[in-house]
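Novice: Sending over a structure as structure tokens; questions will come in a sec.
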Amino acid sequence: MNNAPETPGEQTDDTYDVIVIGGGPVGENAADRASRTGLSVALVESELVGGECSYWACMPSKVLLRAGTVRALARDTPGLADPGAPDVAAVLARRNEITYDWDDSGQVSWVEGAGMTLVRGHGRLAGEKLVEVTVPRASAGAGSGDAAGGGAEDDSDVGGGLGEAETGEVPVTRLLRARHAVIAATGSVPVLPDTPGLAAASPWSSREATGAEAIPESLVVIGGGVVGVEMANAYADLGARVTLLARGGLLSNAEPFAGEMVGESLRAIGVDVRTGLGVASVERPGTGSDNEPAGPVTVTLSDGGTITAAEILVATGRVPRTTDLNVESVGLDASSLGRGGALVVNESLEVVGVPGGWLYACGDVTGRAPTTHQGKYQGRIVGDVVAARYGTESGDRSPTSGDPEPAVGQEGKPWSRYAATADHGARVQVVFTHPQVGWVGPTEREARAAGIPVEAVSYDLSWVSGASVDGPNYTGRAQVLVDTQRRVLVGATFVGPDAGEMLHAATIAVVGEVPLDRLWHAVPAYPTVSEVWLRFLESYGL
């Protein structure tokens with residue numbers, strides 16, 4: 001491949017069969033699957049290969065939560081003494097281990113070992129089958145990755161590329177050409193509400209929360225979704241005084257009882273949970289040595305009350321990252337995009353509105369199912385679509401063997417390897433608070449709104465023999481939704497210790513549309529909490 005040009009701003013030109021923009025777990029899956037039928041694949045990444053989930057979200061956040069979860073289990077187990085407060089330094093050290101100290105060299109080795117080409121830099125569309133990659137010249141010949149280069153320390157490009165004023169170097173622009181397909185896997189970015197004083201108060205996003213070098217004395221969390229409740233739980237476990245503010249209830253996308261039980265648990269560990277309140281303004285008047293905001297932050301609430309804390313975390317949601325993708329270059333505009341600026345795709349993940357069927361998208365940028373696991377699922381689907389349509393290798397070991405692919409512009413059959421059908425009726429989510437929350441499919445309210453005739457069957461998990469073995473204070477609840485016409489499950493929610501580990505059985509039942517009469521023959525082991533499956537069926541009348 002070409003090296004970076006000597007003339008400032010000059011473009012180099014390379015051609016690949018497939019170009020994937022975004023090297024997070026979603027893009028990695030798409031690139032890997034697309035490469036399995038002989039296609040050359042370039043993976044473009046501006047930050048760390050492995051993406052948000054590996055370094056600033058899923059993995060480090062769960063490590064921050066783990067110590068408190070285990071402590072709670074120990075305290076509820078007769079015969080074990082309370083192990084005491086977590087060793088914060090040890091927890092943060094383990095967090096650093098799980099993120100490899102924010103070094104992506106292991107991921108880079110996997111990409112290269114799989115025969116793909118890593119291109120460092122900020123990628124954006126530049127026309128039909130064209131991707132423009134911009135990197136600072138200081139990064140343009142160094143470190144891992146092809147030509148555009150750059151090691152893990154060159155991570156500052158989190159938006160629309162790096163300019164000369166930001167880096168002190170004239171950026172290098174490199175033009176990549178795709179023979180067949182471009183796949184956008186650019187993810188999402190956090191939303192910062194337009195609240196007076198908030199932006200100037202140096203608020204934390206999930207990145208700062210999961211990457212903090214110390215635990216602040218106090219923290220105010222704005223937002224009652226997954227990130228908000230998990231980080232409130234984690235920081236309270238680690239010794240911070242936490243206030244959680246939510247305009248509505250907690251976990252509004254889950255069944256109401258799930259958010260209620262999590263709220264009760266948070267209050268039990270000392271979190272000041274306040275729902276039904278908005279934030280009127282934020283103030284942080286102090287300045288540090290670098291003239292940046294410093295000192296405590298004061299939040300004024302919609303009811304006139306105030307809260308003062310050492311730090312403030314904003315966890316009010318995310319939107320698809322398309323503002324710096326240059327979608328206009330391929331004929332898309334605001335009217336072509338979905339909610340929050342999402343790339344609208346069909347079931348085979350082709351972007352709607354782009355002629356020729358060469359542009360695809362997967363993950364958060366589609367707005368369909370914004371979780372890492374659903375995004376990886378989409379990455380596998382779109383990778384197989386591209387591999388089958390344009391690949392040259394076949395045979396029994398090919399991932400697309402024996403399954404005819406849809407023509408360009410057409411969608412794969414539902415539940416085929418070429419259609420992301422699970423995005424609609426079988427999305428899964430796990431919240432790693434204690435207790436954990438896990439659910440698959442629609443909530444009861446969503447199912448009824450969609451016209452599905454459902455009956456909700458609920459059961460108190462503490463009544464199951466396996467729960468009593470776990471401990472005398474076991475608390476949990478589970479609910480399944482039965483389609484009364486088809487007599488199959490369409491949804492399920494579990495709340496309790498390790499509820500996420502119980503979820504996949506329900507997911508299989510929902511995806512497989514297993515009839516209740518057949519589920520009756522799936523015998524749960526005794527004494528396990530999974531015996532709740534028998535109780536569901538008995539409660540329904542079997």
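As shown in the structure tokens, the chain order sets the letters A, B, ...; within each chain, residues go from 1, and ligands are also counted from 1 in the order they appear.
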Let's see if you can do this: from backbone DSSP, list all alpha helix (DSSP H) residues in segment 330-492 of chain A, as a PyMOL selection string.

Specialist: chain A and resi 372-390+422-425+444-449+465-470

Novice: Within 10 Å of segment 518-521 of chain A, counting only C-alpha atoms, which residues show up once you throw out same-chain ones fewer than 3 positions away? Write them as a PyMOL selection string, please.

Specialist: chain A and resi 488-489+509+514-515+524+533-534+536-538+542

Novice: May I have the selected residues written with all heavy atoms, as a tab-separated table (two decimals), in the first residue's frame?

Specialist:
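Dumped everything to part.tsv:
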```tsv
chain	number	residue	atom	x	y	z
A	488	VAL	N	-47.55	-18.88	21.71
A	488	VAL	CA	-46.09	-18.83	21.77
A	488	VAL	C	-45.71	-17.62	22.61
A	488	VAL	O	-46.50	-16.70	22.81
A	488	VAL	CB	-45.44	-18.72	20.37
A	488	VAL	CG1	-45.76	-19.93	19.52
A	488	VAL	CG2	-45.87	-17.44	19.67
A	489	LEU	N	-44.47	-17.61	23.10
A	489	LEU	CA	-43.97	-16.45	23.83
A	489	LEU	C	-43.51	-15.38	22.85
A	489	LEU	O	-42.86	-15.69	21.84
A	489	LEU	CB	-42.80	-16.84	24.72
A	489	LEU	CG	-43.05	-17.84	25.85
A	489	LEU	CD1	-41.81	-17.94	26.72
A	489	LEU	CD2	-44.25	-17.44	26.68
A	509	ALA	N	-36.76	-19.22	22.99
A	509	ALA	CA	-38.19	-19.52	22.88
A	509	ALA	C	-38.90	-18.51	22.00
A	509	ALA	O	-39.78	-18.86	21.19
A	509	ALA	CB	-38.83	-19.53	24.28
A	514	VAL	N	-41.45	-21.22	19.85
A	514	VAL	CA	-41.69	-22.56	20.39
A	514	VAL	C	-43.10	-22.61	21.00
A	514	VAL	O	-43.41	-21.84	21.90
A	514	VAL	CB	-40.64	-22.92	21.45
A	514	VAL	CG1	-40.87	-24.34	21.96
A	514	VAL	CG2	-39.23	-22.77	20.89
A	515	PRO	N	-43.94	-23.51	20.56
A	515	PRO	CA	-45.30	-23.61	21.13
A	515	PRO	C	-45.24	-23.95	22.62
A	515	PRO	O	-44.36	-24.68	23.09
A	515	PRO	CB	-45.94	-24.74	20.33
A	515	PRO	CG	-45.13	-24.84	19.08
A	515	PRO	CD	-43.73	-24.46	19.45
A	524	PRO	N	-36.95	-28.05	33.55
A	524	PRO	CA	-35.90	-27.28	34.24
A	524	PRO	C	-35.28	-28.10	35.37
A	524	PRO	O	-35.97	-28.85	36.06
A	524	PRO	CB	-36.67	-26.07	34.80
A	524	PRO	CG	-38.07	-26.56	34.97
A	524	PRO	CD	-38.31	-27.58	33.90
A	533	TRP	N	-39.65	-21.42	34.75
A	533	TRP	CA	-40.29	-21.76	33.47
A	533	TRP	C	-41.46	-22.71	33.68
A	533	TRP	O	-42.51	-22.59	33.03
A	533	TRP	CB	-39.27	-22.37	32.51
A	533	TRP	CG	-38.38	-21.32	31.92
A	533	TRP	CD1	-37.14	-20.96	32.35
A	533	TRP	CD2	-38.69	-20.47	30.82
A	533	TRP	NE1	-36.65	-19.94	31.58
A	533	TRP	CE2	-37.57	-19.62	30.63
A	533	TRP	CE3	-39.78	-20.36	29.97
A	533	TRP	CZ2	-37.54	-18.66	29.62
A	533	TRP	CZ3	-39.75	-19.40	28.97
A	533	TRP	CH2	-38.64	-18.56	28.80
A	534	LEU	N	-41.32	-23.66	34.59
A	534	LEU	CA	-42.43	-24.56	34.91
A	534	LEU	C	-43.57	-23.77	35.54
A	534	LEU	O	-44.75	-24.00	35.23
A	534	LEU	CB	-41.94	-25.67	35.86
A	534	LEU	CG	-42.99	-26.64	36.39
A	534	LEU	CD1	-43.72	-27.33	35.25
A	534	LEU	CD2	-42.33	-27.64	37.32
A	536	PHE	N	-44.31	-20.63	35.12
A	536	PHE	CA	-44.99	-19.84	34.07
A	536	PHE	C	-46.08	-20.68	33.41
A	536	PHE	O	-47.23	-20.23	33.26
A	536	PHE	CB	-43.98	-19.41	32.99
A	536	PHE	CG	-43.07	-18.29	33.35
A	536	PHE	CD1	-41.78	-18.24	32.83
A	536	PHE	CD2	-43.49	-17.26	34.18
A	536	PHE	CE1	-40.93	-17.19	33.14
A	536	PHE	CE2	-42.64	-16.20	34.49
A	536	PHE	CZ	-41.36	-16.17	33.97
A	537	LEU	N	-45.69	-21.86	32.98
A	537	LEU	CA	-46.62	-22.70	32.22
A	537	LEU	C	-47.78	-23.17	33.09
A	537	LEU	O	-48.94	-23.21	32.64
A	537	LEU	CB	-45.86	-23.89	31.62
A	537	LEU	CG	-44.78	-23.51	30.60
A	537	LEU	CD1	-43.94	-24.72	30.24
A	537	LEU	CD2	-45.39	-22.89	29.35
A	538	GLU	N	-47.49	-23.51	34.34
A	538	GLU	CA	-48.57	-23.89	35.24
A	538	GLU	C	-49.53	-22.73	35.48
A	538	GLU	O	-50.76	-22.91	35.48
A	538	GLU	CB	-47.99	-24.36	36.57
A	538	GLU	CG	-47.26	-25.70	36.48
A	538	GLU	CD	-46.61	-26.07	37.79
A	538	GLU	OE1	-46.29	-25.16	38.60
A	538	GLU	OE2	-46.40	-27.28	38.02
A	542	LEU	N	-51.29	-24.85	31.86
A	542	LEU	CA	-50.84	-26.15	31.35
A	542	LEU	C	-50.65	-27.13	32.51
A	542	LEU	O	-50.44	-26.75	33.65
A	542	LEU	CB	-49.53	-26.00	30.58
A	542	LEU	CG	-49.69	-25.72	29.08
A	542	LEU	CD1	-50.24	-24.33	28.86
A	542	LEU	CD2	-48.36	-25.89	28.36
```

Novice: With only C-alpha atoms as the basis for distance, which of A:Gln107, A:Thr195, A:Thr433, A:Thr173 is at the shortest distance from Ala67 of chain A?

Specialist: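 The answer is A:Thr433, which sits nearest to Ala67 of chain A.
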
Novice: Mind listing the strand (DSSP E) residues of segment 363-523 of chain A, per DSSP on the backbone, as a PyMOL selection string?

Specialist: chain A and resi 428-431+436-440+454-460+477-483+488-496

Novice: Please produce an output containing N, CA, C and O atoms for each residue in the selection, written as a short mmCIF file (atom, residue, chain, number, x, y, z; two decimals), in the first residue's frame.

Specialist:
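Saved as out_22.cif:
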```cif
data_model
loop_
_atom_site.label_atom_id
_atom_site.label_comp_id
_atom_site.auth_asym_id
_atom_site.auth_seq_id
_atom_site.Cartn_x
_atom_site.Cartn_y
_atom_site.Cartn_z
N VAL A 428 -32.81 -7.86 22.59
CA VAL A 428 -32.50 -8.21 23.98
C VAL A 428 -31.74 -7.07 24.65
O VAL A 428 -31.02 -6.31 24.00
N GLN A 429 -31.90 -6.98 25.96
CA GLN A 429 -31.23 -5.94 26.75
C GLN A 429 -30.97 -6.49 28.14
O GLN A 429 -31.84 -7.14 28.73
N VAL A 430 -29.79 -6.22 28.67
CA VAL A 430 -29.47 -6.56 30.05
C VAL A 430 -28.92 -5.31 30.74
O VAL A 430 -28.08 -4.61 30.18
N VAL A 431 -29.41 -5.06 31.94
CA VAL A 431 -28.93 -3.95 32.76
C VAL A 431 -28.23 -4.57 33.97
O VAL A 431 -28.82 -5.39 34.69
N GLN A 436 -30.01 -7.41 38.61
CA GLN A 436 -29.93 -7.24 37.17
C GLN A 436 -31.34 -7.24 36.57
O GLN A 436 -32.29 -7.75 37.15
N VAL A 437 -31.43 -6.66 35.38
CA VAL A 437 -32.67 -6.68 34.60
C VAL A 437 -32.33 -7.20 33.22
O VAL A 437 -31.35 -6.76 32.60
N GLY A 438 -33.12 -8.14 32.72
CA GLY A 438 -32.93 -8.63 31.36
C GLY A 438 -34.28 -8.80 30.70
O GLY A 438 -35.23 -9.26 31.32
N TRP A 439 -34.37 -8.39 29.43
CA TRP A 439 -35.64 -8.62 28.73
C TRP A 439 -35.41 -8.85 27.24
O TRP A 439 -34.39 -8.45 26.68
N VAL A 440 -36.36 -9.55 26.65
CA VAL A 440 -36.34 -9.83 25.22
C VAL A 440 -37.73 -9.55 24.67
O VAL A 440 -38.74 -9.81 25.32
N VAL A 454 -51.90 -10.40 23.86
CA VAL A 454 -50.99 -11.02 24.82
C VAL A 454 -51.64 -11.15 26.19
O VAL A 454 -52.51 -10.36 26.58
N GLU A 455 -51.18 -12.16 26.90
CA GLU A 455 -51.49 -12.31 28.32
C GLU A 455 -50.17 -12.33 29.07
O GLU A 455 -49.26 -13.09 28.71
N ALA A 456 -50.05 -11.46 30.08
CA ALA A 456 -48.84 -11.42 30.88
C ALA A 456 -48.94 -12.42 32.03
O ALA A 456 -49.94 -12.44 32.75
N VAL A 457 -47.90 -13.23 32.16
CA VAL A 457 -47.83 -14.22 33.25
C VAL A 457 -46.63 -13.86 34.11
O VAL A 457 -45.49 -13.91 33.64
N SER A 458 -46.86 -13.47 35.35
CA SER A 458 -45.79 -13.03 36.25
C SER A 458 -45.59 -14.03 37.38
O SER A 458 -46.51 -14.75 37.76
N TYR A 459 -44.37 -14.01 37.92
CA TYR A 459 -44.07 -14.92 39.02
C TYR A 459 -42.98 -14.30 39.89
O TYR A 459 -42.00 -13.73 39.38
N ASP A 460 -43.15 -14.42 41.18
CA ASP A 460 -42.16 -13.95 42.14
C ASP A 460 -41.03 -14.98 42.22
O ASP A 460 -41.24 -16.12 42.65
N ARG A 477 -38.30 -10.97 40.21
CA ARG A 477 -39.60 -11.15 39.57
C ARG A 477 -39.38 -11.44 38.10
O ARG A 477 -38.42 -10.94 37.49
N ALA A 478 -40.24 -12.24 37.53
CA ALA A 478 -40.14 -12.57 36.12
C ALA A 478 -41.53 -12.52 35.49
O ALA A 478 -42.54 -12.76 36.16
N GLN A 479 -41.56 -12.20 34.22
CA GLN A 479 -42.83 -12.12 33.50
C GLN A 479 -42.61 -12.54 32.05
O GLN A 479 -41.60 -12.17 31.44
N VAL A 480 -43.53 -13.32 31.52
CA VAL A 480 -43.52 -13.66 30.11
C VAL A 480 -44.81 -13.16 29.48
O VAL A 480 -45.85 -13.01 30.15
N LEU A 481 -44.74 -12.89 28.18
CA LEU A 481 -45.91 -12.48 27.41
C LEU A 481 -46.27 -13.60 26.45
O LEU A 481 -45.44 -14.01 25.62
N VAL A 482 -47.49 -14.09 26.56
CA VAL A 482 -47.97 -15.17 25.71
C VAL A 482 -48.89 -14.60 24.64
O VAL A 482 -49.85 -13.89 24.96
N ASP A 483 -48.58 -14.87 23.38
CA ASP A 483 -49.51 -14.56 22.29
C ASP A 483 -50.64 -15.58 22.38
O ASP A 483 -50.46 -16.77 22.12
N VAL A 488 -47.55 -18.88 21.71
CA VAL A 488 -46.09 -18.83 21.77
C VAL A 488 -45.71 -17.62 22.61
O VAL A 488 -46.50 -16.70 22.81
N LEU A 489 -44.47 -17.61 23.10
CA LEU A 489 -43.97 -16.45 23.83
C LEU A 489 -43.51 -15.38 22.85
O LEU A 489 -42.86 -15.69 21.84
N VAL A 490 -43.83 -14.13 23.16
CA VAL A 490 -43.34 -13.01 22.35
C VAL A 490 -42.45 -12.07 23.14
O VAL A 490 -41.81 -11.18 22.57
N GLY A 491 -42.39 -12.25 24.45
CA GLY A 491 -41.54 -11.39 25.27
C GLY A 491 -41.34 -11.96 26.65
O GLY A 491 -42.12 -12.81 27.10
N ALA A 492 -40.28 -11.51 27.31
CA ALA A 492 -40.01 -11.96 28.68
C ALA A 492 -39.13 -10.94 29.38
O ALA A 492 -38.27 -10.31 28.74
N THR A 493 -39.33 -10.78 30.68
CA THR A 493 -38.51 -9.89 31.50
C THR A 493 -38.14 -10.60 32.80
O THR A 493 -39.00 -11.23 33.43
N PHE A 494 -36.88 -10.49 33.18
CA PHE A 494 -36.39 -11.08 34.43
C PHE A 494 -35.71 -9.99 35.25
O PHE A 494 -34.91 -9.21 34.71
N VAL A 495 -36.00 -9.95 36.53
CA VAL A 495 -35.31 -9.04 37.46
C VAL A 495 -34.85 -9.88 38.65
O VAL A 495 -35.66 -10.55 39.30
N GLY A 496 -33.56 -9.84 38.92
CA GLY A 496 -33.02 -10.61 40.03
C GLY A 496 -31.53 -10.79 39.88
O GLY A 496 -30.93 -10.37 38.88
#
```

Novice: In Å, rounded to a single decimal, give me how far atom CA of Glu311 of chain A is from atom CA of Ala294 of chain A.

Specialist: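 Distance between the two atoms: 9.4 Å.
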
Novice: Considering only C-alpha atoms, can you say which of A:Gly23, A:Pro136, A:Gly441, A:Gly187 comes closest to Gly375 of chain A?

Specialist: A:Gly187

Novice: Go ahead and compute the interatomic distance for atom CA of Gly248 of chain A and atom CA of Gly224 of chain A, in Å to one decimal.

Specialist: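 The value is 7.7 Å.
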
Novice: For Ala57 of chain A, list every protein, DNA or RNA residue within 7 Å, evaluated using only C-alpha atoms, and leave out those in the same chain fewer than 4 positions away; present the list as a ChimeraX atom specification.

Specialist: /A:52-53,61,206-207,210

Novice: Mind dumping the selected residues with C-alpha atoms as an mmCIF file, in the first residue's frame?

Specialist:
```
data_model
loop_
_atom_site.group_PDB
_atom_site.id
_atom_site.type_symbol
_atom_site.label_atom_id
_atom_site.label_comp_id
_atom_site.auth_asym_id
_atom_site.auth_seq_id
_atom_site.Cartn_x
_atom_site.Cartn_y
_atom_site.Cartn_z
ATOM 1 C CA GLU A 52 -16.721 2.317 22.519
ATOM 2 C CA CYS A 53 -17.860 -0.959 24.067
ATOM 3 C CA SER A 61 -18.669 -0.343 33.292
ATOM 4 C CA SER A 206 -20.158 7.704 29.949
ATOM 5 C CA ARG A 207 -16.531 7.884 28.811
ATOM 6 C CA THR A 210 -16.038 4.549 33.045
#
```

Novice: Using only C-alpha atoms, find each residue in segment 503-530 of chain A having at least one atom no more than 12 Å away from segment 405-415 of chain A; report its shortest atom-to-atom pair and that distance in Å (one decimal), rows by chain then rising number, as a Markdown table.

Specialist:
```
| residue | atom | partner | partner_atom | distance |
| --- | --- | --- | --- | --- |
| A:Val511 | CA | A:Trp415 | CA | 8.8 |
| A:Gly512 | CA | A:Trp415 | CA | 9.8 |
| A:Glu513 | CA | A:Trp415 | CA | 11.5 |
```

Novice: Can you spit out the residues from that selection as a short mmCIF file (atom, residue, chain, number, x, y, z; two decimals), in the first residue's frame, using N, CA and C atoms?

Specialist:
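And here is the file that came out, part.cif:
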```cif
data_model
loop_
_atom_site.label_atom_id
_atom_site.label_comp_id
_atom_site.auth_asym_id
_atom_site.auth_seq_id
_atom_site.Cartn_x
_atom_site.Cartn_y
_atom_site.Cartn_z
N VAL A 511 -37.46 -16.40 19.59
CA VAL A 511 -36.98 -16.49 18.20
C VAL A 511 -37.48 -17.77 17.53
N GLY A 512 -37.46 -18.88 18.27
CA GLY A 512 -37.91 -20.15 17.71
C GLY A 512 -39.41 -20.31 17.65
N GLU A 513 -40.14 -19.35 18.22
CA GLU A 513 -41.60 -19.42 18.26
C GLU A 513 -42.05 -20.81 18.74
#
```
